[in-house]
Amino acid sequence: MYDLIFLILFPCIIAFILLLLNNNRIRHAIVALAALVISAGSIYLLVSSFTQGTVYYAFPFEPTSLVMFALEMGIALLLLYLGVRFKQPVAVLLVLVQTVMMIYYEITWGMTVEPEMNLFIDQFSIIMALLIGIIGSLIAVFATSYMDTYHSHHHEVRDRRRMFFFVIFVFLAAMFGLVFSNNIPWIFFFWEVTTLSSFLLIGYSETEEATNNAFLALKMNLLGGIAFAGAILYLASVDPSGGLLELDALLASGQAAAIIPAVLICFAGLTKSAQMPFSAWLVGAMVAPTPVSALLHSSTMVKAGVYIIVRFAPVLAGSLAGISIALVGAVTFLLASGIAISQSNAKKVLAYSTIANLGLIVACAGVGTPQLVWAAIFLIIFHAVAKSLLFLCVGTVEHRVGSRDIEDMDGLIVRLPKIAAMMFIGMAGMFLAPFGMLISKWAAIEAFVVAPFGLIFVMILAFGGAVTVFFWAKWMGKIIEVTPFGENIEDTVSTGKWVVLGSLTAMTVLAALLFPLISSYLVEPYVLGIFGETARLAQDNVIIMVLMIALLLVLPLSYLSYRKQGRTMPAYMGGRPTTPDMKFLGSLGMEREMTTRNYYFAEYFGEAKLLKVGNPLCILLILAAVAAIVGVAL
Amino acid sequence: MSKEVVIPFGPQHPVLPEPIHLDLVIEDEKVKQAIPSIGYVHRGLETLVEKREYPEYVYLAERICGICSFIHGATYCQGVEAVMNVEVPERALFLRTIWSEYSRLHSHLLWLGLAADGFGFENLFMDAWRLRESILDELEATTGGRVIQGSCKVGGVRRDIDSETLDEMVSRLEGLRGELSDLADVFLNDSSVKGRMKNVGILPAKEAYDYGAVGPTLRGSGVSSDARMIGYAAYGKIHFTPVTEDGCDCYSRCAVRAKEMFASIDIIKEAVQKIPDGPIEVKVTGKPEGEYFSRAEQPRGEVIHYVKGNGTRHLARHRVRTPTLTNIPPLVKMLEGCELADVPVIVLSIDPCIGCAER
Amino acid sequence: MISVLTAVLYLLLAPIAGGFIAGIDRKLTARMQGRVGPPVLQPFYDVAKLFEKEDVTVTPSQNFYILSYLVFMAVTGAIFFAGGDLLLVLFAFTLAHVFIVLGAYAAYSPYSYVGAERELITLMAYEPMIILTAVGLYLVTGSFYVSEIAASEVPAALYLPGVLIGFLTVLTIKLRKSPFDISTSHHAHQELVKGLTTEFSGPTLAKIEIAHWYETVVLLGIVYLFFGFNPLLALVAIAVTYFLEVFIDNTFSRMKWQWTMKEGWGVAVTLGFINLAVLYYFYLGV
Amino acid sequence: MPEDQPMTECTIEGLLPAVKAYHEKGYRLVQISCTKVDENFELSYCFDIDYHMVVLRLVVPAGTKVPSISGIYWGAFIYENENHDFFGVEFTGINIDFKGTLLRTAKKYPFSNISFREVESCQKK
Amino acid sequence: MAYLKKSPWLIHYDASSCNGCDIEVLACLTPLYDVERFGIINTGNPKHADVFVITGSINDLNREVVKNIYEQMPNPKVVVAVGICACSGGVFAECYNVSGGVDQVIPVDVYVPGCAARPESIIDGIVKALGILEEKRAKMTEMEAVHA
């Protein structure tokens with residue numbers, strides 16, 4: 001139990017140290033050290049606990065709950081103050097509603113409920129803890145040098161690095177708390193902390209855009225928070241003894257009893273994981289410094305959303321509400337993938353890809369068969385690793401090249417060869433065959449085929465997958481173009497960043513290689529524990545895929561032999577003589593330069609266009625889910 | 001960030017049989033800007049009037065272009081004859097008409113083939129060119145040349161065709177009619193061909209007329225304008241109405257050409273019926289003095305040979321305004337906002353003959 | 001379940017079979033056009049010649065992607081003929097295709113770049129229908145394994161008429177035959193010169209050709225799966241299919257990318273979906 | 001029978017009004033050509049309506065700037081550019097001005113500078 | 001070996017021809033002449049071509065283009081000059097913008113006469129070029145052997 005408490009509290013302590021500290025070099029050191037400790041801690045957790053299955057720990061409820069309530073009220077006051085100060089009436093209203101609900105809960109039941117097993121650990125928590133502990137802290141390390149560069153580029157932004165790192169570590173602590181809590185009000189507390197943290201981080205630059213987007217994120221997440229609070233009120237009112245406030249008890253209580261709170265909490269999950277119609281906040285969140293985006297998209301925040309939905313998958317399975325929620329995810333997957341085609345801003349592409357993949361996870365969890373839960377967990381793992389790598393690479397590129405536009409990334413392989421290679425691996429991890437995301441998608445297809453209403457999901461997956469290939473491959477193509485111009489400017493990237501990027505790249509490949517182990521030691525036992533049956537990929541296929549990865553690792557060696565042979569010639573330019581930097585004499589005597597640009601098809605896949613379809617559709621689906629539980633309640 | 005792709009299209013490009021270049025600026029396959037530029041095959045043969053005497057210059061006029069060769073030669077001769085007030089024998093005028101229409105047939109078949117190739121219908125290309133060979137055979141049999149005939153001269157023609165052969169030619173053409181209508185049927189009715197040409201490269205009638213389009217490019221926009229109606233050579237004695245289509249798109253231009261093939265057969269047939277006996281040339285003596293804009297209808301449209309004599313055996317000026325040159329401004333308009341895949345179809349739809357245009 | 005022997009046989013024999021098919025294709029095409037056409041062995045001469053030529057590149061790295069393309073195309077086929085998971089086969093296929101696209105991108109040439117974009121469009125167009133094909137075969141045979149589907153006694157083609165027609169449609173896209181040869185065409189006369197393959201020459205071009213042979217064999221192998229219940233009928237079906245492809249190649253003009261998308265996705269949401277929906281209703285009652 | 005091709009002469013000031021008049025009457029621009037006669041450029045603007053061609057003749061000394069008629073007949077730019085490249089006649093205000101790159105000739109203004117043809121061999125190995 | 005002879009791929013470029021020879025080159029592909037019988041394909045892309053078929057003479061503008069196409073062809077390669085213009089400039093030799101035959105710019109291996117050249121002679125010329133192509137290949141492998 002102490003390792004759990006350590007993982008929750010240690011980042012908090014570091015956070016306070018960093019809040020007080022103003023020396024940049026010491027900050028670097030502390031962050032690096034803390035990252036090491038946290039990663040080691042989460043790995044220790046893995047080593048010590050993975051054989052034990054699910055373990056529940058009794059942790060004193062009363063005092064902790066009081067502290068949490070006090071903190072919650074503090075957060076509410078802070079949000080109220082900020083809401084008033086920035087004239088955000090809706091935000092103020094939402095905070096008030098939620099606070100009143102929580103005060104009501106505290107007054108009515110707070111003293112009477114007595115949950116005992118407040119902390120727990122199982123395989124899924126271990127996986128989440130690893131993601132948070134390793135990826136989260138790597139991002140924190142990356143952020144140290146990133147923020148140095150950031151502030152040297154953006155003098156207009158007030159240097160609030162102390163606050164920044166404070167929030168980052170609080171964020172990590174809250175995430176640990178969230179995945180270790182078995183007590184639903186506690187989960188809710190950590191949930192609200194992540195909302196606040198992301199709100200503060202998104203608004204970091206204090207520009208008008210940043211502030212607006214931060215409030216947008218806040219409002220949407222508060223909406224989810226209210227639903228979550230509603231679930232707590234419902235549970236407390238149904239069972240004033242508080243027995244159902246324990247997650248395991250709730251999950252075990254059967255669909256009939258649990259479906260109403262499950263849908264409410266999953267609604268909160270939908271807002272947090274930025275499903276349509278709530279996708280706007282995550283897209284808006286990219287105004288934040290890139291490490292924040294990496295953190296939000298990979299191991300924290302949005303993953304909290306899908307974590308909770310996957311947790312509730314057994315309850316959702318086979319219910320009409322579950323199907324509705326799954327369809328929200330599926331529609332989001334399809335449309336967000338489509339929107340990603342029309343975007344040229346690298347961070348926006350990554351954002352929509354995140355939204356899409358979360359949609360897929362939600363779809364899997366909503367349908368909730370054992371195979372699908374298996375796939376959902378793998379999607380969470382692989383997505384976290386590859387997406388954090390991609391965000392950090394884009395951040396690095398942005399600082400070197402001065403743009404985050406994909407069209408400015410021509411010939412990155414010439415200018416930043418190692419970064420480009422890492423991005424290449426990251427992207428391959430997102431959509432190509434032997435890598436993780438695709439394995440999970442594949443498993444998802446096979447599982448959906450036999451699931452209820454499977455055909456709809458299979459169709460959506462087939463189309464969404466095709467779209468995904470398009471937008472990743474064209475970006476990949478952009479960075480590997482060997483342009484005849486451009487100099488290697490890679491030596492300006494700091495060592496710290498290299499370590500982080502290198503580790504994440506290695507993890508992307510390793511995750512794919514070690515996937516059979518992860519499956520048999522962590523995911524399969526978890527699924528078995530929940531459903532009494534488990535899922536896995538056939539061993540033949542696993543062998544083939546491992547061979548394919550091996551082949552992919554060997555093939556670049558062939559590159560060695562190319563240097564010797566063959567003549568190089570400029571590209572075919574219709575016979576026109578061309579200068580080495582691809583300029584040629586055009587019509588009207590103008591000098592022109594050959595340029596290559598990707599296709600975006602804005603008229604077919606435009607953001608506004610698809611959101612216009614997706615948002616109402618998803619609202620309808622959510623209403624359907626609500627209608628379904630109202631039906632149950634009546 | 002601009003999302004524009006700049007592609008050097010030509011001068012060497014497999015869909016362009018001749019060198020012309022376009023700088024295509026495209027975005028998502030939509031052409032934003034396409035300005036054609038020419039000059040790769042410019043020879044400057046008009047200046048050779050000073051080195052060649054006017055009767056000898058016919059050879060050069062014929063070699064302005066290897067497709068419209070005969071009509072170039074005939075139009076040049078017609079110009080010199082007008083300046084020198086030569087009365088050309090009727091039979092020669094009829095023979096010129098017959099050969100001109102054979103040239104039109106071979107040129108239209110050639111174009112249909114190239115157009116089919118342009119939109120990726122290889123089979124149709126082969127079929128059109130297969131039929132074209134039988135037209136070339138007639139030209140070769142009657143003049144001695146497949147593509148450059150050399151049968152026109154100032155004052156008449158070099159060779160006669162006896163009436164028996166003429167009748168045989170007509171009956172062979174009648175035999176060809178069936179195959180030609182099968183071919184035309186594919187161009188006019190095949191859904192995939194229509195899909196590639198309908199509503200592509202729109203050129204409204206008013207623009208076509210204002211921008212100076214001629215020939216099938218103009219007639220495809222519904223404007224009835226055909227230089228043959230002037231009645232040069234024997235056209236005045238032959239009943240004939242210009243073929244027009246009012247779709248204003250590539251399909252209409254294609255339809256005009258496809259239908260003109262049959263009109264040509266009719267013209268040849270009528271010419272063979274009406275051809276009078278008599279000499280095929282008159283002796284031309286003297287030196288040209290004066291000027292004349294000699295006009296004729298080529299497969300691609302109205303051609304003008306401006307001939308100016310100064311009283312010597314050498315002309316003072318010979319200037320050719322070919323249909324392709326004057327169809328370039330409409331082409332610029334048509335290319336605006338089209339799709340990348342439409343570029344070859346649109347460029348081909350004016351039936352560009354760069355060899356002509358640049359001399 | 002997995003048979004290494006057939007995989008090895010495939011690796012050795014598929015290029016020969018694919019080359020012959022290409023040769024017959026060219027001969028048939030020529031005959032349809034009223035020509036004599038090249039010898040049936042012509043594709044082998046072409047590839048042998050390409051190996052005799054110099055390898056001119058824009059950048060050496062482009063060849064790496066093509067090598068990977070060839071290798072993964074072969075791997076794809078090997079998994080297929082070893083009787084592996086059909087979905088895995090399809091994903092390996094995509095991987096191989098992405099490699100040739102990347103090769104075209106790497107060259108930084110306007111024509112190969114546009115060709116690469118267009119190839120991705122075709123990839124996006126055919127992918128859904130291909131996945132639905134695998135799903136359809138699973139629904140009627142109960143397995144995703146090629147070995148089991150092929151051995152199944154269920155007359156898959158009878159249950160999957162819509163999927164079969166849909167698959168044949170996207171097969172035309174995959175074989176890059178007219179009307180869908182938008183990214184690169186067998187005949188050069190298109191607006192993109194040679195599109196995707198513009199910048200490859202000599203041995204590398206030969207590798208692309210060989211990979212294409214491998215690909216053809218796998219794709220025809222998928223046709224076999226529809227008729228696995230009667231091997232003889234299956235062979236006839238393959239022959240008819242290929243003849244049909246050549247015939248379509250010769251009777252259509254090249255379409256634009258919008259139509260390629262419309263066709264590819266269209267057959268998936270209509271034929272594919274309706275066919276599968278009916279199957280779902282009867283088999284699973286959902 | 002040769003056609004009747006009536007010719008009217010006009011001055012440089014009268015050019016645009018005359019062309020405009022033809023345009024309003026519905027004439028089609030057939031072509032613009034140029035001939036060098038002694039030290040003068042003889043420009044012929046041909047218009048056609050219903051198969052009747054008329055010629056507008058403008059004779060200007062070398063070096064005169066001629067106003068472009070491309071504002072009236074949009075397609076005239078092709079002839080004006082051509083005549084510029086061949087003769088060096090300067091047209092002012094062309095809508096699409098190729099600036100001497102429409103037909104990039106080996107010799108500058110080959111049609112107005114006839115002398116080199118006499119002296120030099122054209123074939124330069 | 002020597003598969004080069006069995007599979008010559010062409011690229012055709014119109015330097016400043018009057019089209020006469022061009023259309024005859026194209027006519028070679030069509031059913032009457034059908035050069036694909038010999039494995040000949042008109043690729044239109046220099047990087048795939050073995051035989052450079054060029055019609056028309058050289059002028060100032062296309063000089064660089066012809067050179068560029070020739071350079072982009074992988075070795076071994078041959079050049080066939082089709083028609084009198086490509087051989088010497090032909091009737092246009094005296095034009096101010098024509099500087100003569102193709103051999104001024106790139107080495108020509110086979111000259112095909114005619115104005116316009118007939119398809120039969122074009123095919124003849126290409127077949128002759130194949131022999132030269134084979135010689136060049138042999139020389140190339142020899143050179144490689146020496147270097148290795």
# chains A, B, ... in the order shown; residues from 1 in each chain; ligands from 1
call {"tool": "closest_atom_pairs", "arguments": {"of": "chain B", "to": "chain E", "cutoff": "7 Å", "atoms": "only C-alpha atoms", "output": "JSON lines"}}
result
{"residue": "B:Gln12", "atom": "CA", "partner": "E:Tyr13", "partner_atom": "CA", "distance": 6.4}
{"residue": "B:His13", "atom": "CA", "partner": "E:Gly44", "partner_atom": "CA", "distance": 6.6}
{"residue": "B:Pro14", "atom": "CA", "partner": "E:Gly44", "partner_atom": "CA", "distance": 4.7}
{"residue": "B:Glu18", "atom": "CA", "partner": "E:Asp14", "partner_atom": "CA", "distance": 5.8}
{"residue": "B:Pro19", "atom": "CA", "partner": "E:Asp14", "partner_atom": "CA", "distance": 6.5}
{"residue": "B:Tyr40", "atom": "CA", "partner": "E:Asn62", "partner_atom": "CA", "distance": 5.5}
{"residue": "B:Val41", "atom": "CA", "partner": "E:Ser16", "partner_atom": "CA", "distance": 3.8}
{"residue": "B:His42", "atom": "CA", "partner": "E:Ser16", "partner_atom": "CA", "distance": 6.6}
{"residue": "B:Arg43", "atom": "CA", "partner": "E:Asn97", "partner_atom": "CA", "distance": 5.0}
{"residue": "B:Gly44", "atom": "CA", "partner": "E:Cys95", "partner_atom": "CA", "distance": 5.7}
{"residue": "B:Leu45", "atom": "CA", "partner": "E:Cys95", "partner_atom": "CA", "distance": 5.7}
{"residue": "B:Leu48", "atom": "CA", "partner": "E:Cys95", "partner_atom": "CA", "distance": 6.6}
{"residue": "B:Arg63", "atom": "CA", "partner": "E:Cys18", "partner_atom": "CA", "distance": 6.0}
{"residue": "B:Ile64", "atom": "CA", "partner": "E:Cys18", "partner_atom": "CA", "distance": 5.9}
{"residue": "B:Cys65", "atom": "CA", "partner": "E:Cys18", "partner_atom": "CA", "distance": 4.5}
{"residue": "B:Gly66", "atom": "CA", "partner": "E:Gly20", "partner_atom": "CA", "distance": 3.7}
{"residue": "B:Ile67", "atom": "CA", "partner": "E:Gly20", "partner_atom": "CA", "distance": 6.4}
{"residue": "B:Met126", "atom": "CA", "partner": "E:Thr30", "partner_atom": "CA", "distance": 5.5}
{"residue": "B:Trp129", "atom": "CA", "partner": "E:Thr30", "partner_atom": "CA", "distance": 6.3}
{"residue": "B:Arg130", "atom": "CA", "partner": "E:Pro31", "partner_atom": "CA", "distance": 5.8}
{"residue": "B:Val147", "atom": "CA", "partner": "E:Gly20", "partner_atom": "CA", "distance": 6.0}
{"residue": "B:Ile148", "atom": "CA", "partner": "E:Ala116", "partner_atom": "CA", "distance": 6.7}
{"residue": "B:Gly355", "atom": "CA", "partner": "E:Cys18", "partner_atom": "CA", "distance": 5.0}
call {"tool": "interface_residues", "arguments": {"of": "chain D", "to": "chain B", "cutoff": "9 Å", "atoms": "only C-alpha atoms", "output": "PyMOL selection string"}}
result
chain D and resi 1-3+5+23+26-37+50-52+72-79+98+101-105+110-111+114+117
call {"tool": "interface_residues", "arguments": {"of": "chain A", "to": "chain B", "cutoff": "8 Å", "atoms": "only C-alpha atoms", "output": "compact mmCIF listing (two decimals) with N, CA, C and O atoms, in the first residue's frame"}}
result
# COMPACT_ATOMS: atom_id res chain seq x y z
N ASP A 405 3.59 23.91 -38.73
CA ASP A 405 2.80 23.54 -39.88
C ASP A 405 3.47 22.37 -40.60
O ASP A 405 4.68 22.39 -40.84
N GLU A 407 3.37 21.61 -43.58
CA GLU A 407 3.95 22.02 -44.86
C GLU A 407 5.32 22.66 -44.71
O GLU A 407 6.04 22.86 -45.69
N MET A 573 11.65 16.97 -64.38
CA MET A 573 10.92 18.24 -64.35
C MET A 573 10.38 18.57 -65.73
O MET A 573 10.44 19.71 -66.18
N GLY A 574 9.85 17.59 -66.39
CA GLY A 574 9.29 17.82 -67.71
C GLY A 574 10.35 18.26 -68.70
O GLY A 574 10.06 18.95 -69.67
N GLY A 575 11.59 17.88 -68.45
CA GLY A 575 12.67 18.22 -69.36
C GLY A 575 13.23 19.61 -69.13
O GLY A 575 14.16 20.03 -69.80
N ARG A 576 12.64 20.35 -68.19
CA ARG A 576 13.13 21.72 -68.02
C ARG A 576 14.38 21.74 -67.16
O ARG A 576 14.46 21.08 -66.14
N GLY A 586 9.77 29.63 -65.63
CA GLY A 586 8.39 29.34 -65.97
C GLY A 586 7.86 30.26 -67.04
O GLY A 586 8.60 31.04 -67.64
N SER A 587 6.56 30.20 -67.26
CA SER A 587 5.92 31.05 -68.24
C SER A 587 6.05 32.51 -67.84
O SER A 587 6.26 32.82 -66.67
N LEU A 588 5.87 33.38 -68.82
CA LEU A 588 5.94 34.81 -68.60
C LEU A 588 7.31 35.23 -68.09
O LEU A 588 7.47 36.28 -67.49
N ARG A 592 10.32 30.20 -61.13
CA ARG A 592 9.41 29.53 -60.22
C ARG A 592 10.16 28.48 -59.44
O ARG A 592 11.21 28.02 -59.86
N GLU A 593 9.58 28.10 -58.33
CA GLU A 593 10.22 27.05 -57.54
C GLU A 593 9.24 25.90 -57.42
O GLU A 593 8.07 26.09 -57.12
N MET A 594 9.76 24.71 -57.66
CA MET A 594 8.90 23.54 -57.52
C MET A 594 8.56 23.40 -56.04
O MET A 594 9.43 23.48 -55.19
N THR A 595 7.30 23.24 -55.74
CA THR A 595 6.93 23.00 -54.35
C THR A 595 6.05 21.76 -54.29
O THR A 595 5.36 21.44 -55.25
N THR A 596 6.12 21.09 -53.18
CA THR A 596 5.25 19.94 -52.99
C THR A 596 4.40 20.20 -51.76
O THR A 596 4.92 20.64 -50.74
N ARG A 597 3.13 19.97 -51.88
CA ARG A 597 2.23 20.17 -50.75
C ARG A 597 1.29 19.00 -50.67
O ARG A 597 0.90 18.44 -51.69
N ASN A 598 0.91 18.68 -49.46
CA ASN A 598 -0.04 17.58 -49.28
C ASN A 598 -1.43 17.99 -49.70
O ASN A 598 -1.73 19.17 -49.81
N TYR A 599 -2.27 17.01 -49.86
CA TYR A 599 -3.67 17.27 -50.15
C TYR A 599 -4.43 17.35 -48.83
O TYR A 599 -4.17 16.58 -47.92
N TYR A 600 -5.40 18.26 -48.78
CA TYR A 600 -6.17 18.41 -47.54
C TYR A 600 -7.66 18.21 -47.70
O TYR A 600 -8.36 17.94 -46.74
N PHE A 601 -8.16 18.37 -48.90
CA PHE A 601 -9.58 18.14 -49.17
C PHE A 601 -10.49 18.84 -48.18
O PHE A 601 -11.41 18.23 -47.64
call {"tool": "select_by_dssp", "arguments": {"residues": "region 170-375 of chain A", "states": "strand (DSSP E or B)", "output": "list of chain:residue names"}}
result
A:Ser181, A:Asn183, A:Glu246, A:Asn345
call {"tool": "residues_around", "arguments": {"residues": "Ile12 (chain D)", "least_positions_apart": "3", "cutoff": "12 Å", "atoms": "only C-alpha atoms", "output": "PyMOL selection string"}}
result
chain D and resi 9+15-19+41-43+56-61+64-69+91
call {"tool": "atom_distance", "arguments": {"atom1": "CA of Arg52 (chain B)", "atom2": "CA of His314 (chain B)"}}
result
6.6 Å
call {"tool": "select_by_dssp", "arguments": {"residues": "region 459-514 of chain A", "states": "alpha helix (DSSP H)", "output": "ChimeraX atom specification"}}
result
/A:459-480,495-513
call {"tool": "closest_residue", "arguments": {"among": "B:Ala255, B:Val200, B:Leu16, B:Leu110", "to": "Cys68 (chain B)", "atoms": "only C-alpha atoms"}}
result
B:Leu110
call {"tool": "residues_around", "arguments": {"residues": "Tyr108 (chain C)", "least_positions_apart": "2", "cutoff": "7 Å", "atoms": "only C-alpha atoms", "output": "PyMOL selection string"}}
result
(chain A and resi 481-483) or (chain C and resi 105-106+110+113)
call {"tool": "interface_residues", "arguments": {"of": "chain A", "to": "chain C", "cutoff": "8 Å", "atoms": "only C-alpha atoms", "output": "JSON, numbers by chain"}}
result
{"A": [432, 433, 434, 442, 449, 452, 453, 455, 458, 459, 462, 463, 465, 466, 467, 469, 470, 473, 474, 476, 477, 478, 480, 481, 482, 483, 540, 541, 555, 556, 558, 559, 562, 563, 565, 566, 567, 568, 569, 570, 571, 572, 573, 594, 595, 596, 598, 599]}
